[in-house]
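Colleague: For reference, the structure I am asking about is given below.
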Number of protein chains: 2
Amino acid sequence: MDSLGSALPVALSGLGRRRQLEAGTILFLQEDPASYCFYVEAGELSLRLLSASGHEVELTKIPAGDWCAEALLFAESTYPAQAVVTKDCRLVQIHRDEILKNSDSEVSAFFLRLLAKKCLRLNKRIEQLTILGARERIVQYILSLCPAHNGCPGKFSHCRFPFPKKKREIAQELGMTPETLSRVFRQLEDENLLEIEGSTLQVVSCARLRGAAT
Amino acid sequence: MDSLGSALPVALSGLGRRRQLEAGTILFLQEDPASYCFYVEAGELSLRLLSASGHEVELTKIPAGDWCAEALLFAESTYPAQAVVTKDCRLVQIHRDEILKNSDSEVSAFFLRLLAKKCLRLNKRIEQLTILGARERIVQYILSLCPAHNGCPGKFSHCRFPFPKKKREIAQELGMTPETLSRVFRQLEDENLLEIEGSTLQVVSCARLRGAAT
DNA sequence: GAGTTTTCTTGATCTTGGTCAAGGAAAACC
DNA sequence: GGTTTTCCTTGACCAAGATCAAGAAAACTC
């Protein structure tokens, strides 16, 4: 993935309070007043939406190097989702006012870039959810994983690499159930596009796989 | 709907070129280089995604008073979707560089707020697409339409108003087919929550309707 | 106002993906 | 090594919506 965060602006470097949180902790709840914004130095957060019917959907993961709730600095709102620590975290917790008070043109430019990228990412996600089916999402995901980055250009026609995480987690990230993921993998294997052996994946041909989006 | 745009910052007021476009015109295509950003003075745009399989999905409408492609000012990218004029438009077309050159702290603050709000809106949309079913989306939509704004507070228990657009368009806005919309309307009528007569809608009880989200 | 066109409704059917339940495989733990 | 737990796979079934096709109802035209 593209790294979202450019270097921290100097004006912000001293601010906030460091916190260490272990996996499973809930950082904030949906609808809590949004007083803080967070920078994830290490670990990982997950933003999750709770539906009325008790369901829980992952809006997005926040990996190390990324920000959380930064949009709320500039728009009055409560947290629109709940944040759960999915991997032990070291993060910097900064109060809204502290950032706004210390905001210079460098800080503005920094957040403008950050927010703009977030918008594009969100757009991408909407795109995935609306026009792509499960199969297409999975294919895109595999291609994005391929070591010869972004889809094996040139002479690489065989790519072999291990899954970066548990299949269950991949399924969640792609917004589907593990069962569906499993079935599509099987389907892609049957079509001779992939070979899966335990946690190792072999793409037979990236070009053919790319063409196999429904 | 909440108006997205606060007043234009003075530094921007003189910039750009006014254009008049009629409904049906394509403002830019998906993947075009994103050199311009637009302010919609009057009319309406629709941002649409084209899928590989030829489908076209509405990402969002851009009503009068809103901006289009403003996130791309601060992130290098091509247009991620195509923009189609859905109602005759008067818009201001401003070149990227022109804005960036004239950017002062007021302009930054303006766009920070704009982008932050856009992020929240996109989040909302993802929420709708993932955890809300067709029925729930429709109910939300009707409630948002109710004249005694945002859901008939206080003593209003009966609301009667005309549909603001064709049902076909409403369906598209809500990301479903007209058939599905029609069926859900029928269902809500059968449950005595709505009465629909031609293009006039009567909410029997906003409170009950609110509670009727699956 | 009769005819034409567009929009809306409705039914029948299909596709997609989720849910539930049961096995199997692999890893972790004594 | 054997047991337990976790993870993955598979099958049978279900539900939500989309699609297709055909009427019904409005809206425009002349």
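Please note that chains go A, B, ... in the order of the structure tokens, that every chain numbers its residues from 1, and that ligands are numbered from 1 in the order shown.
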With chain B held fixed, move chain A onto it by a least-squares fit of all C-alpha atoms in order and give the output as a CSV table (one decimal) with C-alpha atoms, in the first residue's frame.
Modeller:
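As a result, superposed_32.csv now contains:
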chain,number,residue,atom,x,y,z
A,1,MET,CA,-29.1,18.5,3.4
A,2,ASP,CA,-26.5,20.5,5.1
A,3,SER,CA,-24.8,23.1,2.9
A,4,LEU,CA,-21.3,22.1,2.3
A,5,GLY,CA,-19.8,25.3,1.1
A,6,SER,CA,-19.3,28.2,3.5
A,7,ALA,CA,-18.7,31.5,1.7
A,8,LEU,CA,-15.9,31.5,-0.8
A,9,PRO,CA,-12.6,32.9,0.5
A,10,VAL,CA,-11.8,36.3,-0.9
A,11,ALA,CA,-8.5,35.0,-2.3
A,12,LEU,CA,-10.3,32.7,-4.6
A,13,SER,CA,-13.2,34.9,-5.7
A,14,GLY,CA,-11.6,36.3,-8.8
A,15,LEU,CA,-10.0,33.1,-10.0
A,16,GLY,CA,-11.0,30.7,-12.8
A,17,ARG,CA,-13.2,30.7,-15.7
A,18,ARG,CA,-17.0,30.6,-15.8
A,19,ARG,CA,-18.6,27.9,-17.9
A,20,GLN,CA,-22.1,27.1,-18.9
A,21,LEU,CA,-22.9,23.5,-19.6
A,22,GLU,CA,-26.1,21.8,-20.4
A,23,ALA,CA,-27.5,18.6,-19.0
A,24,GLY,CA,-25.9,15.5,-20.5
A,25,THR,CA,-22.5,17.0,-21.0
A,26,ILE,CA,-19.6,15.1,-19.7
A,27,LEU,CA,-17.3,17.4,-17.7
A,28,PHE,CA,-14.4,15.0,-17.4
A,29,LEU,CA,-13.8,11.4,-17.9
A,30,GLN,CA,-12.5,8.8,-15.4
A,31,GLU,CA,-8.7,8.6,-15.5
A,32,ASP,CA,-8.3,12.0,-17.2
A,33,PRO,CA,-5.5,14.0,-15.7
A,34,ALA,CA,-6.9,16.1,-12.9
A,35,SER,CA,-5.8,19.6,-13.8
A,36,TYR,CA,-9.0,21.4,-12.8
A,37,CYS,CA,-11.2,21.7,-9.9
A,38,PHE,CA,-14.8,23.0,-10.1
A,39,TYR,CA,-17.2,25.1,-8.1
A,40,VAL,CA,-20.9,24.5,-9.0
A,41,GLU,CA,-22.7,27.8,-8.9
A,42,ALA,CA,-26.0,26.5,-10.3
A,43,GLY,CA,-27.2,23.1,-11.6
A,44,GLU,CA,-26.0,19.7,-10.7
A,45,LEU,CA,-23.3,17.2,-11.5
A,46,SER,CA,-23.2,13.5,-11.0
A,47,LEU,CA,-20.0,11.6,-10.3
A,48,ARG,CA,-20.2,8.2,-11.8
A,49,LEU,CA,-17.9,5.2,-11.7
A,50,LEU,CA,-17.6,2.9,-14.6
A,51,SER,CA,-17.0,-0.8,-13.8
A,52,ALA,CA,-15.1,-3.1,-16.1
A,53,SER,CA,-18.3,-4.8,-16.9
A,54,GLY,CA,-19.8,-1.6,-18.3
A,55,HIS,CA,-21.9,-0.8,-15.3
A,56,GLU,CA,-22.3,2.7,-14.1
A,57,VAL,CA,-22.7,3.6,-10.5
A,58,GLU,CA,-23.4,7.0,-9.1
A,59,LEU,CA,-20.8,7.8,-6.5
A,60,THR,CA,-22.5,11.0,-5.5
A,61,LYS,CA,-24.4,14.0,-6.7
A,62,ILE,CA,-22.7,17.4,-6.6
A,63,PRO,CA,-25.4,20.0,-6.0
A,64,ALA,CA,-25.2,23.8,-6.5
A,65,GLY,CA,-22.9,25.3,-3.9
A,66,ASP,CA,-20.6,22.3,-3.8
A,67,TRP,CA,-17.2,21.6,-5.1
A,68,CYS,CA,-16.0,18.9,-7.4
A,69,ALA,CA,-12.5,17.4,-7.5
A,70,GLU,CA,-11.3,19.6,-4.7
A,71,ALA,CA,-9.5,16.7,-3.0
A,72,LEU,CA,-7.4,16.3,-6.1
A,73,LEU,CA,-5.9,19.7,-5.5
A,74,PHE,CA,-3.9,18.2,-2.7
A,75,ALA,CA,-3.2,14.7,-3.9
A,76,GLU,CA,-1.7,13.8,-7.2
A,77,SER,CA,-4.1,11.6,-9.0
A,78,THR,CA,-6.2,11.4,-12.1
A,79,TYR,CA,-10.0,11.9,-11.8
A,80,PRO,CA,-11.2,8.7,-10.1
A,81,ALA,CA,-14.7,9.0,-11.6
A,82,GLN,CA,-16.4,10.6,-14.5
A,83,ALA,CA,-18.5,13.8,-14.0
A,84,VAL,CA,-21.8,14.2,-15.9
A,85,VAL,CA,-23.9,17.3,-15.9
A,86,THR,CA,-27.4,16.2,-14.7
A,87,LYS,CA,-28.9,19.7,-14.6
A,88,ASP,CA,-27.9,22.7,-16.7
A,89,CYS,CA,-24.9,24.1,-15.0
A,90,ARG,CA,-23.1,27.3,-14.4
A,91,LEU,CA,-19.7,26.5,-12.9
A,92,VAL,CA,-16.3,28.0,-12.2
A,93,GLN,CA,-13.4,26.0,-13.5
A,94,ILE,CA,-10.2,26.7,-11.7
A,95,HIS,CA,-6.8,25.4,-12.5
A,96,ARG,CA,-5.0,23.5,-9.8
A,97,ASP,CA,-1.9,25.7,-9.9
A,98,GLU,CA,-4.0,28.8,-9.8
A,99,ILE,CA,-5.5,27.8,-6.5
A,100,LEU,CA,-2.3,26.5,-5.0
A,101,LYS,CA,-0.4,29.7,-6.0
A,102,ASN,CA,-3.0,31.9,-4.4
A,103,SER,CA,-3.4,29.8,-1.3
A,104,ASP,CA,-3.3,31.7,2.0
A,105,SER,CA,-4.3,30.6,5.5
A,106,GLU,CA,-7.9,31.5,4.8
A,107,VAL,CA,-7.9,29.3,1.7
A,108,SER,CA,-6.3,26.5,3.6
A,109,ALA,CA,-8.8,26.7,6.4
A,110,PHE,CA,-11.6,26.7,3.8
A,111,PHE,CA,-10.4,23.6,2.1
A,112,LEU,CA,-9.7,21.8,5.3
A,113,ARG,CA,-13.3,22.3,6.4
A,114,LEU,CA,-14.5,21.3,2.9
A,115,LEU,CA,-12.4,18.1,2.8
A,116,ALA,CA,-13.2,17.1,6.3
A,117,LYS,CA,-16.9,17.4,5.6
A,118,LYS,CA,-16.5,15.4,2.4
A,119,CYS,CA,-14.7,12.7,4.4
A,120,LEU,CA,-17.6,12.5,6.8
A,121,ARG,CA,-20.1,12.3,3.9
A,122,LEU,CA,-18.1,9.5,2.3
A,123,ASN,CA,-18.1,7.6,5.6
A,124,LYS,CA,-21.8,8.0,5.8
A,125,ARG,CA,-22.2,6.6,2.3
A,126,ILE,CA,-20.1,3.6,3.1
A,127,GLU,CA,-22.1,3.1,6.2
A,128,GLN,CA,-25.3,3.1,4.1
A,129,LEU,CA,-23.9,0.7,1.5
A,130,THR,CA,-22.6,-1.8,4.0
A,131,ILE,CA,-24.9,-2.0,7.0
A,132,LEU,CA,-28.1,-0.6,5.7
A,133,GLY,CA,-30.4,-2.6,3.5
A,134,ALA,CA,-32.6,-1.1,0.8
A,135,ARG,CA,-35.5,-0.7,3.2
A,136,GLU,CA,-33.5,1.1,5.8
A,137,ARG,CA,-31.9,3.4,3.3
A,138,ILE,CA,-35.4,4.4,2.0
A,139,VAL,CA,-36.7,5.0,5.4
A,140,GLN,CA,-33.8,7.2,6.3
A,141,TYR,CA,-34.3,9.1,3.0
A,142,ILE,CA,-37.9,9.7,3.7
A,143,LEU,CA,-37.2,10.9,7.2
A,144,SER,CA,-34.6,13.2,5.9
A,145,LEU,CA,-37.2,14.7,3.6
A,146,CYS,CA,-39.8,15.3,6.2
A,147,PRO,CA,-40.6,19.0,6.3
A,148,ALA,CA,-40.5,19.3,10.0
A,149,HIS,CA,-36.8,18.7,9.4
A,150,ASN,CA,-34.9,15.7,10.4
A,151,GLY,CA,-37.8,13.7,11.5
A,152,CYS,CA,-40.8,15.5,12.7
A,153,PRO,CA,-39.9,16.4,16.3
A,154,GLY,CA,-42.5,17.3,18.8
A,155,LYS,CA,-46.1,17.2,18.0
A,156,PHE,CA,-45.9,16.6,14.3
A,157,SER,CA,-47.1,13.1,13.7
A,158,HIS,CA,-48.4,13.5,10.2
A,159,CYS,CA,-46.3,14.7,7.4
A,160,ARG,CA,-47.4,15.2,3.8
A,161,PHE,CA,-45.2,16.4,1.0
A,162,PRO,CA,-44.4,15.8,-2.6
A,163,PHE,CA,-41.5,13.8,-3.8
A,164,PRO,CA,-38.7,16.2,-4.7
A,165,LYS,CA,-37.8,14.3,-7.9
A,166,LYS,CA,-38.7,11.4,-10.0
A,167,LYS,CA,-38.7,8.1,-8.3
A,168,ARG,CA,-36.3,6.8,-10.8
A,169,GLU,CA,-33.8,9.4,-9.7
A,170,ILE,CA,-34.4,8.7,-6.0
A,171,ALA,CA,-33.7,5.1,-6.6
A,172,GLN,CA,-30.5,5.9,-8.3
A,173,GLU,CA,-29.5,8.2,-5.5
A,174,LEU,CA,-30.1,5.4,-3.0
A,175,GLY,CA,-28.2,3.0,-5.1
A,176,MET,CA,-30.9,0.6,-6.1
A,177,THR,CA,-33.2,-0.1,-9.0
A,178,PRO,CA,-36.6,1.7,-9.5
A,179,GLU,CA,-38.2,-1.7,-9.1
A,180,THR,CA,-36.8,-2.3,-5.7
A,181,LEU,CA,-37.8,1.2,-4.6
A,182,SER,CA,-41.3,0.6,-5.8
A,183,ARG,CA,-41.6,-2.7,-4.0
A,184,VAL,CA,-40.4,-1.3,-0.7
A,185,PHE,CA,-42.8,1.6,-1.0
A,186,ARG,CA,-45.6,-0.8,-1.5
A,187,GLN,CA,-44.4,-2.8,1.5
A,188,LEU,CA,-44.3,0.3,3.7
A,189,GLU,CA,-47.8,1.2,2.5
A,190,ASP,CA,-49.0,-2.3,3.3
A,191,GLU,CA,-47.6,-1.8,6.8
A,192,ASN,CA,-49.5,1.4,7.1
A,193,LEU,CA,-46.4,3.5,7.5
A,194,LEU,CA,-46.8,5.5,4.4
A,195,GLU,CA,-49.5,6.5,1.9
A,196,ILE,CA,-48.4,7.4,-1.6
A,197,GLU,CA,-50.7,9.0,-4.1
A,198,GLY,CA,-49.0,9.9,-7.3
A,199,SER,CA,-46.1,12.1,-6.4
A,200,THR,CA,-47.4,12.9,-2.9
A,201,LEU,CA,-46.2,11.1,0.1
A,202,GLN,CA,-47.9,11.0,3.4
A,203,VAL,CA,-46.0,9.7,6.4
A,204,VAL,CA,-48.5,8.3,8.8
A,205,SER,CA,-46.1,8.5,11.8
A,206,CYS,CA,-42.5,9.5,11.7
A,207,ALA,CA,-41.9,7.8,15.0
A,208,ARG,CA,-43.2,4.5,13.8
A,209,LEU,CA,-41.4,4.9,10.5
A,210,ARG,CA,-38.2,5.5,12.3
A,211,GLY,CA,-38.7,2.3,14.2
A,212,ALA,CA,-39.3,0.4,11.1
A,213,ALA,CA,-35.8,0.0,9.9
A,214,THR,CA,-35.7,-3.7,9.5
Colleague: What are the residues of chain C that have an atom within 12 Å of an atom of chain A, counting only C-alpha atoms (C1' of nucleotides), as a list in words?
Modeller: DT15, DT16, DG17, DG18, DT19, DC20, DA25 and DA26 of chain C
Colleague: Can I get the selected residues back with N, CA and C atoms (P, O5', C5', C4', C3', O3' and C1' of nucleotides), as a PDB file, in the first residue's frame?
Modeller:
ATOM      1  P    DT C  15     -28.525 -17.572 -12.975  1.00  0.00           P
ATOM      2  O5'  DT C  15     -27.649 -16.515 -12.191  1.00  0.00           O
ATOM      3  C5'  DT C  15     -27.988 -15.130 -12.310  1.00  0.00           C
ATOM      4  C4'  DT C  15     -27.243 -14.337 -11.254  1.00  0.00           C
ATOM      5  C3'  DT C  15     -26.019 -15.052 -10.693  1.00  0.00           C
ATOM      6  O3'  DT C  15     -24.984 -14.103 -10.605  1.00  0.00           O
ATOM      7  C1'  DT C  15     -27.508 -14.510  -8.937  1.00  0.00           C
ATOM      8  P    DT C  16     -23.537 -14.505 -10.092  1.00  0.00           P
ATOM      9  O5'  DT C  16     -23.456 -13.864  -8.633  1.00  0.00           O
ATOM     10  C5'  DT C  16     -23.906 -12.525  -8.431  1.00  0.00           C
ATOM     11  C4'  DT C  16     -23.947 -12.228  -6.949  1.00  0.00           C
ATOM     12  C3'  DT C  16     -22.755 -12.775  -6.166  1.00  0.00           C
ATOM     13  O3'  DT C  16     -22.112 -11.691  -5.534  1.00  0.00           O
ATOM     14  C1'  DT C  16     -24.837 -13.369  -5.123  1.00  0.00           C
ATOM     15  P    DG C  17     -20.680 -11.875  -4.925  1.00  0.00           P
ATOM     16  O5'  DG C  17     -21.043 -12.137  -3.400  1.00  0.00           O
ATOM     17  C5'  DG C  17     -21.866 -11.189  -2.746  1.00  0.00           C
ATOM     18  C4'  DG C  17     -22.491 -11.777  -1.506  1.00  0.00           C
ATOM     19  C3'  DG C  17     -21.502 -12.438  -0.537  1.00  0.00           C
ATOM     20  O3'  DG C  17     -21.779 -11.932   0.742  1.00  0.00           O
ATOM     21  C1'  DG C  17     -23.320 -13.856  -0.921  1.00  0.00           C
ATOM     22  P    DG C  18     -20.850 -12.171   1.981  1.00  0.00           P
ATOM     23  O5'  DG C  18     -21.935 -12.595   3.081  1.00  0.00           O
ATOM     24  C5'  DG C  18     -23.120 -11.798   3.216  1.00  0.00           C
ATOM     25  C4'  DG C  18     -24.139 -12.556   4.029  1.00  0.00           C
ATOM     26  C3'  DG C  18     -23.589 -13.164   5.313  1.00  0.00           C
ATOM     27  O3'  DG C  18     -24.487 -12.928   6.395  1.00  0.00           O
ATOM     28  C1'  DG C  18     -24.524 -14.868   3.938  1.00  0.00           C
ATOM     29  P    DT C  19     -24.031 -13.394   7.853  1.00  0.00           P
ATOM     30  O5'  DT C  19     -24.770 -14.779   8.087  1.00  0.00           O
ATOM     31  C5'  DT C  19     -26.176 -14.847   7.944  1.00  0.00           C
ATOM     32  C4'  DT C  19     -26.636 -16.262   8.228  1.00  0.00           C
ATOM     33  C3'  DT C  19     -26.001 -16.887   9.476  1.00  0.00           C
ATOM     34  O3'  DT C  19     -27.053 -17.426  10.271  1.00  0.00           O
ATOM     35  C1'  DT C  19     -25.784 -18.323   7.611  1.00  0.00           C
ATOM     36  P    DC C  20     -26.727 -17.902  11.768  1.00  0.00           P
ATOM     37  O5'  DC C  20     -26.787 -19.487  11.640  1.00  0.00           O
ATOM     38  C5'  DC C  20     -27.658 -20.040  10.669  1.00  0.00           C
ATOM     39  C4'  DC C  20     -27.510 -21.534  10.603  1.00  0.00           C
ATOM     40  C3'  DC C  20     -26.816 -22.190  11.792  1.00  0.00           C
ATOM     41  O3'  DC C  20     -27.480 -23.416  12.056  1.00  0.00           O
ATOM     42  C1'  DC C  20     -25.646 -22.713   9.820  1.00  0.00           C
ATOM     43  P    DA C  25      -7.671 -33.727   6.076  1.00  0.00           P
ATOM     44  O5'  DA C  25      -6.748 -32.427   6.025  1.00  0.00           O
ATOM     45  C5'  DA C  25      -7.354 -31.141   5.899  1.00  0.00           C
ATOM     46  C4'  DA C  25      -6.470 -30.095   6.568  1.00  0.00           C
ATOM     47  C3'  DA C  25      -5.087 -30.595   6.972  1.00  0.00           C
ATOM     48  O3'  DA C  25      -4.194 -29.538   6.723  1.00  0.00           O
ATOM     49  C1'  DA C  25      -6.198 -29.773   8.865  1.00  0.00           C
ATOM     50  P    DA C  26      -2.623 -29.762   6.640  1.00  0.00           P
ATOM     51  O5'  DA C  26      -2.108 -28.626   7.621  1.00  0.00           O
ATOM     52  C5'  DA C  26      -2.831 -27.393   7.701  1.00  0.00           C
ATOM     53  C4'  DA C  26      -2.597 -26.736   9.048  1.00  0.00           C
ATOM     54  C3'  DA C  26      -1.212 -26.980   9.640  1.00  0.00           C
ATOM     55  O3'  DA C  26      -0.673 -25.721   9.981  1.00  0.00           O
ATOM     56  C1'  DA C  26      -2.893 -27.421  11.244  1.00  0.00           C
TER      57       DA C  26
END
Colleague: One decimal, in Å: what's the spacing between atom C1' of DA21 of chain C and atom C1' of DG2 of chain D?
Modeller: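 For atom C1' of DA21 of chain C relative to atom C1' of DG2 of chain D, the distance reads 26.8 Å.
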Colleague: Could you list, as a count of residues only, every residue of chain D that has an atom within 12 Å of an atom of chain A, counting only C-alpha atoms (C1' of nucleotides)?
Modeller: 6
